[in-house]
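One structure is given here, and the rest of the page talks about it.
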Amino acid sequence: MKLMITEFHARNILSLRDVSLRFRTKLTALVGSHASGKSNIVKAMYLLKLLLEGKGIRDAITELVETSTKLPFKFDTTRPITLGFTAKVEANECMKLTYELSFRCDREVVEHEVLKLNGQVVAEFRLVGDSSGTLTIYTPSEITQSTTFTIDYPQILDSLSVVTKARRGLESRVVDMVPLLRRCLTVHHFSPESIRSGCELTHITELSYDGSNLASVLHTLLTTNRRKFLEIEKVLQSLIPEVDELATPVHNKNVYIAFRDKSIGDLIPPELVSDGTLRLLAFIIALYLGKQVVVFEEPENCVHPWLYRTLIDLFRKAPCQVIFTTHSPYVLDLLNPEELVIVEKINGETKVRRVDNDPKLLERVRKLLTEGIPLGEVWYSGELGGTP
Ligand SMILES: Nc1ncnc2c1ncn2[C@@H]1O[C@H](COP(=O)(O)OP(=O)(O)OP(=O)(O)O)[C@@H](O)[C@H]1O
Ligand SMILES: [Mg+2]
């Protein structure tokens, strides 16, 4: 089963009062000035990822911003926050699945959830009063009957009531998609220091937001899926030829990343591995761990500009959709205008627009490209907006 997010929307979260982003290409780059809201879009996607995985609203918010009062647009905790997406799922047939949930930060419970298949509502949850809610399941096709039953608190405390509680009433083709829906998305902002410091050795297959558990994930792959480990090692070797062998040494129940260097022959200990090598390894692992949609913050950080092409090629070849923020005109030089989303802050609100949504702009950009002006230069000159 293959899944691609075609639309993501967020309301009343951080600087996103009402943002709807459409994805048409395998790769999408978000560009814009400082404080325009690029990271806020990434954070909203990260929150959605946590909720989809079944994390409770309170825990998910704490992981994102520590206190829930910081999360709502302009700190107004009475406004419901809405997060949702539409995905194209290719299984035996091609289906459009839409999931949306709303909650208020001052109550930390799901107020409304809806699941749609090809635009038709198949299940909907609505909070009634403070301590109970109603789940409605719509039976398929021409039978218009609906079944409503009540769910009592605290079952409604967490997200995905619709998906988890409505399971038995849902069409089997929707139920089959649930595991995919739960685990389709991952979001990362890698920090070389967190990766380098190693982590406790545990059996883990999920890579954390900052990559701090990368050594454990890699060690788990080495012991349970050696083929995947070797695949990752091969991709890393193709990017950094000095790397002869990738290793995960264990000391005092902690596991680390180390490399055997071709010219030195010895294992390079984690404290001597370069920032760029650690980040590149983290990208490869994130792209090849089996997620359908991978979101990165500023992937060019710590990576040599000469490797930007390799990085973008890596994104293009990866078996998943890739969405990333960037500040680099050199990275934009490697993209098509159809892959760009301009992020701007207008009157304190984040607004997004795709370059290919404006036919005149797209035509102008294409003309400049045929004249030999690189896309990064076109953006840097202010032609597209999204510059300070
Ligand atoms: N709860 C909130 N309500 C409204 N606006 C907020 C809220 N929280 C943050 N912001 C706005 O979002 C801005 C930060 O946005 P963000 O971090 O997404 O910027 P960015 O585009 O990633 O910038 P950079 O290029 O510097 O990384 C803050 O400066 C503030 O203006
Ligand atoms: Mg940012």
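Naming works like this for the structure tokens: A, B, ... for the chains as they're shown, residue 1 at the start of each chain, ligands 1 onward in shown order.
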
>> I'd like the neighbourhood of Ser208 of chain A as a VMD selection string, where a residue qualifies if any of its atoms comes within 12 Å (using only C-alpha atoms), though same-chain residues fewer than 5 positions away should be ignored.
In response: chain A and resid 46 49 to 50 63 186 to 191 194 to 195 199 213 to 217 282 285 to 286

>> How would you report the residues lying within 6 Å of ligand 1, as a list in words, if you count only C-alpha atoms and all ligand atoms?
In response: Leu14, Ser15, Ser33, His34, Ala35, Ser36, Gly37, Lys38, Ser39, Asn40, Lys70, Leu71, Pro72, Phe73, Lys74 and Phe75 of chain A

Those same residues - C-alpha atoms - I'd like them written as an mmCIF file, in the first residue's frame.
data_model
loop_
_atom_site.group_PDB
_atom_site.id
_atom_site.type_symbol
_atom_site.label_atom_id
_atom_site.label_comp_id
_atom_site.auth_asym_id
_atom_site.auth_seq_id
_atom_site.Cartn_x
_atom_site.Cartn_y
_atom_site.Cartn_z
ATOM 1 C CA LEU A 14 1.022 28.758 16.522
ATOM 2 C CA SER A 15 1.049 31.331 13.707
ATOM 3 C CA SER A 33 11.685 34.711 5.648
ATOM 4 C CA HIS A 34 12.591 34.220 9.289
ATOM 5 C CA ALA A 35 9.512 33.898 11.518
ATOM 6 C CA SER A 36 7.215 33.406 8.499
ATOM 7 C CA GLY A 37 5.958 30.120 9.982
ATOM 8 C CA LYS A 38 7.886 27.347 8.189
ATOM 9 C CA SER A 39 8.877 25.654 11.444
ATOM 10 C CA ASN A 40 5.351 26.158 12.750
ATOM 11 C CA LYS A 70 1.783 28.451 24.033
ATOM 12 C CA LEU A 71 0.180 26.404 21.275
ATOM 13 C CA PRO A 72 -3.002 28.200 20.145
ATOM 14 C CA PHE A 73 -2.934 31.036 17.645
ATOM 15 C CA LYS A 74 -2.195 34.250 19.561
ATOM 16 C CA PHE A 75 -2.356 32.173 22.781
#

> Hey, what's within 10 Å of Leu239 of chain A if we count only C-alpha atoms and toss same-chain stuff fewer than 5 positions away? As a PyMOL selection string, please?
Replying inline: chain A and resi 233-234+277+280-281+307+310-311+314

With N, CA and C atoms retained, could you export that selection as a tab-separated table (two decimals), in the first residue's frame?
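Wrote result_33.tsv, looks like this:
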chain	number	residue	atom	x	y	z
A	233	GLU	N	24.22	1.48	4.85
A	233	GLU	CA	25.68	1.66	4.83
A	233	GLU	C	26.16	1.96	3.40
A	234	LYS	N	25.55	1.26	2.44
A	234	LYS	CA	25.95	1.44	1.04
A	234	LYS	C	25.61	2.86	0.56
A	277	THR	N	28.50	14.11	8.49
A	277	THR	CA	28.37	12.66	8.32
A	277	THR	C	27.20	12.15	9.16
A	280	LEU	N	23.91	13.28	7.56
A	280	LEU	CA	23.60	12.52	6.34
A	280	LEU	C	23.11	11.12	6.68
A	281	LEU	N	23.76	10.51	7.66
A	281	LEU	CA	23.33	9.17	8.08
A	281	LEU	C	21.89	9.22	8.60
A	307	LEU	N	27.55	18.79	-1.63
A	307	LEU	CA	26.73	17.58	-1.45
A	307	LEU	C	25.23	17.85	-1.55
A	310	THR	N	23.63	15.76	-4.14
A	310	THR	CA	23.54	14.37	-3.69
A	310	THR	C	22.37	14.22	-2.71
A	311	LEU	N	22.24	15.24	-1.84
A	311	LEU	CA	21.16	15.21	-0.84
A	311	LEU	C	19.80	15.22	-1.53
A	314	LEU	N	19.14	12.06	-3.22
A	314	LEU	CA	18.76	11.07	-2.20
A	314	LEU	C	17.27	11.18	-1.88

>> Need to verify the contact set: Leu335 of chain A, 9 Å, only C-alpha atoms, exclusion of same-chain residues closer than 3 positions in sequence. Can you return it as a PyMOL selection string?
In response: chain A and resi 27-29+312+331-332+338-340+375-376

Okay, now the selection with C-alpha atoms, as a PDB file, in the first residue's frame?
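Wrote it out as again_33.pdb, contents follow:
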ATOM      1  CA  LEU A  27       9.387  16.635  -3.123  1.00  0.00           C
ATOM      2  CA  THR A  28       8.131  19.894  -1.647  1.00  0.00           C
ATOM      3  CA  ALA A  29      10.303  22.710  -0.309  1.00  0.00           C
ATOM      4  CA  ILE A 312      18.353  16.221  -3.209  1.00  0.00           C
ATOM      5  CA  VAL A 331      19.201  23.842  -2.741  1.00  0.00           C
ATOM      6  CA  LEU A 332      16.497  25.671  -4.704  1.00  0.00           C
ATOM      7  CA  GLU A 338       6.400  23.256  -9.125  1.00  0.00           C
ATOM      8  CA  GLU A 339       8.124  21.931  -5.992  1.00  0.00           C
ATOM      9  CA  LEU A 340       8.156  25.283  -4.176  1.00  0.00           C
ATOM     10  CA  LEU A 375      15.824  28.985  -9.442  1.00  0.00           C
ATOM     11  CA  GLY A 376      17.698  29.922  -6.243  1.00  0.00           C
TER      12      GLY A 376
END

> So how many Å separate atom CA of Glu90 of chain A and atom CA of Gln120 of chain A, to one decimal?
Replying inline: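 We find that atom CA of Glu90 of chain A and atom CA of Gln120 of chain A lie 17.7 Å from each other.
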
>> Env of Arg24 of chain A: 10 Å cut, atoms = only C-alpha atoms, seq-sep filter 6 positions within chain, self excluded. Answer as a PyMOL selection string.
In response: chain A and resi 4-7+338-339+354+356

>> Let me make sure I understand: among A:Asn301, A:Leu287, A:Asp244, A:Trp306, which one has the smallest atom-to-atom distance to Pro319 of chain A if we use only C-alpha atoms?
In response: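 Residue with the minimum atom-to-atom distance to Pro319 of chain A: A:Leu287.
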
> Quick one: of A:Glu377, A:Glu93, A:Glu297, A:Glu363, who's nearest to ligand 2, counting only C-alpha atoms and all ligand atoms?
Replying inline: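 Once distances to ligand 2 are computed over only C-alpha atoms and all ligand atoms, the minimum belongs to A:Glu297.
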
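Counting only C-alpha atoms and comparing A:Tyr256, A:Phe283, A:Phe315, A:Tyr288, the residue that lies closest to Lys228 of chain A is A:Tyr288.
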
>> For the strand (DSSP E) assignment from backbone DSSP, which residues of segment 249-280 of chain A qualify? Please present them as a VMD selection string.
In response: chain A and resid 250 to 251 254 to 255 258 to 261 267 to 268

Since we have the selection now, will you write its residues out, keeping C-alpha atoms, as a short mmCIF file (atom, residue, chain, number, x, y, z; two decimals), in the first residue's frame?
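So result-v5.cif came out as:
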data_model
loop_
_atom_site.label_atom_id
_atom_site.label_comp_id
_atom_site.auth_asym_id
_atom_site.auth_seq_id
_atom_site.Cartn_x
_atom_site.Cartn_y
_atom_site.Cartn_z
CA VAL A 250 28.12 -0.55 22.90
CA HIS A 251 29.65 0.75 26.16
CA ASN A 254 24.82 2.78 25.80
CA VAL A 255 25.17 2.55 22.06
CA ALA A 258 31.16 5.03 14.76
CA PHE A 259 32.79 4.61 11.34
CA ARG A 260 35.78 2.82 9.98
CA ASP A 261 37.64 5.29 7.82
CA LEU A 267 37.16 2.91 13.99
CA ILE A 268 36.54 6.67 14.29
#

>> Taking only C-alpha atoms into account, name the residue in A:Cys105, A:Ile264, A:Val65, A:Met177 that is nearest to Leu117 of chain A.
In response: A:Met177

> Leaving out Leu181 of chain A and any residue of its chain fewer than 2 positions from it, which residues lie within 10 Å of it when counting only C-alpha atoms, given as a list in words?
Replying inline: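 In the requested format, the answer is Leu3, Lys49, Leu52, Glu53, Ala87, Val89, Leu97, Tyr99, Val163, Val174, Val175, Asp176, Met177, Val178, Pro179, Arg183, Cys184, Leu185 and Gln292 of chain A.
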
Could you save those same residues with N, CA and C atoms as a PDB file, in the first residue's frame?
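The file below, out.pdb, is the result:
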ATOM      1  N   LEU A   3       1.099   5.538   0.154  1.00  0.00           N
ATOM      2  CA  LEU A   3       0.324   6.699   0.594  1.00  0.00           C
ATOM      3  C   LEU A   3       1.092   7.986   0.296  1.00  0.00           C
ATOM      4  N   LYS A  49       1.415  13.905  13.684  1.00  0.00           N
ATOM      5  CA  LYS A  49       2.081  12.586  13.692  1.00  0.00           C
ATOM      6  C   LYS A  49       1.938  11.926  15.062  1.00  0.00           C
ATOM      7  N   LEU A  52      -1.669  10.865  15.579  1.00  0.00           N
ATOM      8  CA  LEU A  52      -2.004   9.703  14.745  1.00  0.00           C
ATOM      9  C   LEU A  52      -1.458   8.421  15.358  1.00  0.00           C
ATOM     10  N   GLU A  53      -0.295   8.529  15.995  1.00  0.00           N
ATOM     11  CA  GLU A  53       0.314   7.343  16.601  1.00  0.00           C
ATOM     12  C   GLU A  53      -0.394   6.951  17.891  1.00  0.00           C
ATOM     13  N   ALA A  87      -5.011  12.095   2.100  1.00  0.00           N
ATOM     14  CA  ALA A  87      -3.948  11.295   1.497  1.00  0.00           C
ATOM     15  C   ALA A  87      -4.519  10.461   0.354  1.00  0.00           C
ATOM     16  N   VAL A  89      -4.257   7.039  -1.300  1.00  0.00           N
ATOM     17  CA  VAL A  89      -3.744   5.722  -0.925  1.00  0.00           C
ATOM     18  C   VAL A  89      -3.906   4.778  -2.106  1.00  0.00           C
ATOM     19  N   LEU A  97      -8.317   9.441   1.315  1.00  0.00           N
ATOM     20  CA  LEU A  97      -8.697   9.332   2.723  1.00  0.00           C
ATOM     21  C   LEU A  97      -8.452  10.674   3.404  1.00  0.00           C
ATOM     22  N   TYR A  99      -8.607  12.723   7.126  1.00  0.00           N
ATOM     23  CA  TYR A  99      -8.757  12.622   8.583  1.00  0.00           C
ATOM     24  C   TYR A  99      -8.586  14.013   9.176  1.00  0.00           C
ATOM     25  N   VAL A 163     -11.006   6.365  14.577  1.00  0.00           N
ATOM     26  CA  VAL A 163     -10.343   5.225  13.964  1.00  0.00           C
ATOM     27  C   VAL A 163     -10.332   4.020  14.901  1.00  0.00           C
ATOM     28  N   VAL A 174     -11.385   0.512   4.688  1.00  0.00           N
ATOM     29  CA  VAL A 174     -10.936   1.626   5.531  1.00  0.00           C
ATOM     30  C   VAL A 174     -10.129   1.067   6.705  1.00  0.00           C
ATOM     31  N   VAL A 175     -10.653   0.007   7.324  1.00  0.00           N
ATOM     32  CA  VAL A 175      -9.955  -0.613   8.462  1.00  0.00           C
ATOM     33  C   VAL A 175      -8.545  -1.039   8.051  1.00  0.00           C
ATOM     34  N   ASP A 176      -8.427  -1.586   6.836  1.00  0.00           N
ATOM     35  CA  ASP A 176      -7.118  -2.034   6.353  1.00  0.00           C
ATOM     36  C   ASP A 176      -6.106  -0.897   6.292  1.00  0.00           C
ATOM     37  N   MET A 177      -6.627   0.320   6.141  1.00  0.00           N
ATOM     38  CA  MET A 177      -5.722   1.464   6.001  1.00  0.00           C
ATOM     39  C   MET A 177      -5.284   2.038   7.344  1.00  0.00           C
ATOM     40  N   VAL A 178      -5.962   1.624   8.425  1.00  0.00           N
ATOM     41  CA  VAL A 178      -5.695   2.237   9.725  1.00  0.00           C
ATOM     42  C   VAL A 178      -4.223   2.134  10.155  1.00  0.00           C
ATOM     43  N   PRO A 179      -3.623   0.942  10.094  1.00  0.00           N
ATOM     44  CA  PRO A 179      -2.208   0.880  10.512  1.00  0.00           C
ATOM     45  C   PRO A 179      -1.320   1.798   9.677  1.00  0.00           C
ATOM     46  N   ARG A 183       0.950   5.251  11.038  1.00  0.00           N
ATOM     47  CA  ARG A 183       2.406   5.286  11.002  1.00  0.00           C
ATOM     48  C   ARG A 183       2.963   5.893   9.718  1.00  0.00           C
ATOM     49  N   CYS A 184       2.141   6.684   9.037  1.00  0.00           N
ATOM     50  CA  CYS A 184       2.575   7.134   7.705  1.00  0.00           C
ATOM     51  C   CYS A 184       3.600   8.261   7.749  1.00  0.00           C
ATOM     52  N   LEU A 185       3.620   9.011   8.849  1.00  0.00           N
ATOM     53  CA  LEU A 185       4.326  10.293   8.847  1.00  0.00           C
ATOM     54  C   LEU A 185       5.475  10.316   9.850  1.00  0.00           C
ATOM     55  N   GLN A 292       5.943   6.700   4.911  1.00  0.00           N
ATOM     56  CA  GLN A 292       5.457   7.104   3.587  1.00  0.00           C
ATOM     57  C   GLN A 292       5.710   8.587   3.329  1.00  0.00           C
TER      58      GLN A 292
END

> Interatomic distance between atom CA of Glu300 of chain A and atom CA of Thr370 of chain A?
Replying inline: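 If I compute the distance from atom CA of Glu300 of chain A to atom CA of Thr370 of chain A, I get 25.9 Å.
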
> Could you pull out all residues of segment 22-252 of chain A with a DSSP call of helix (DSSP H, G or I) and give them as number ranges by chain?
Replying inline: A: 38-52, 57-65, 68-70, 73-75, 155-157, 161-165, 167-169, 172-175, 178-182, 192-196, 214-224, 226-239
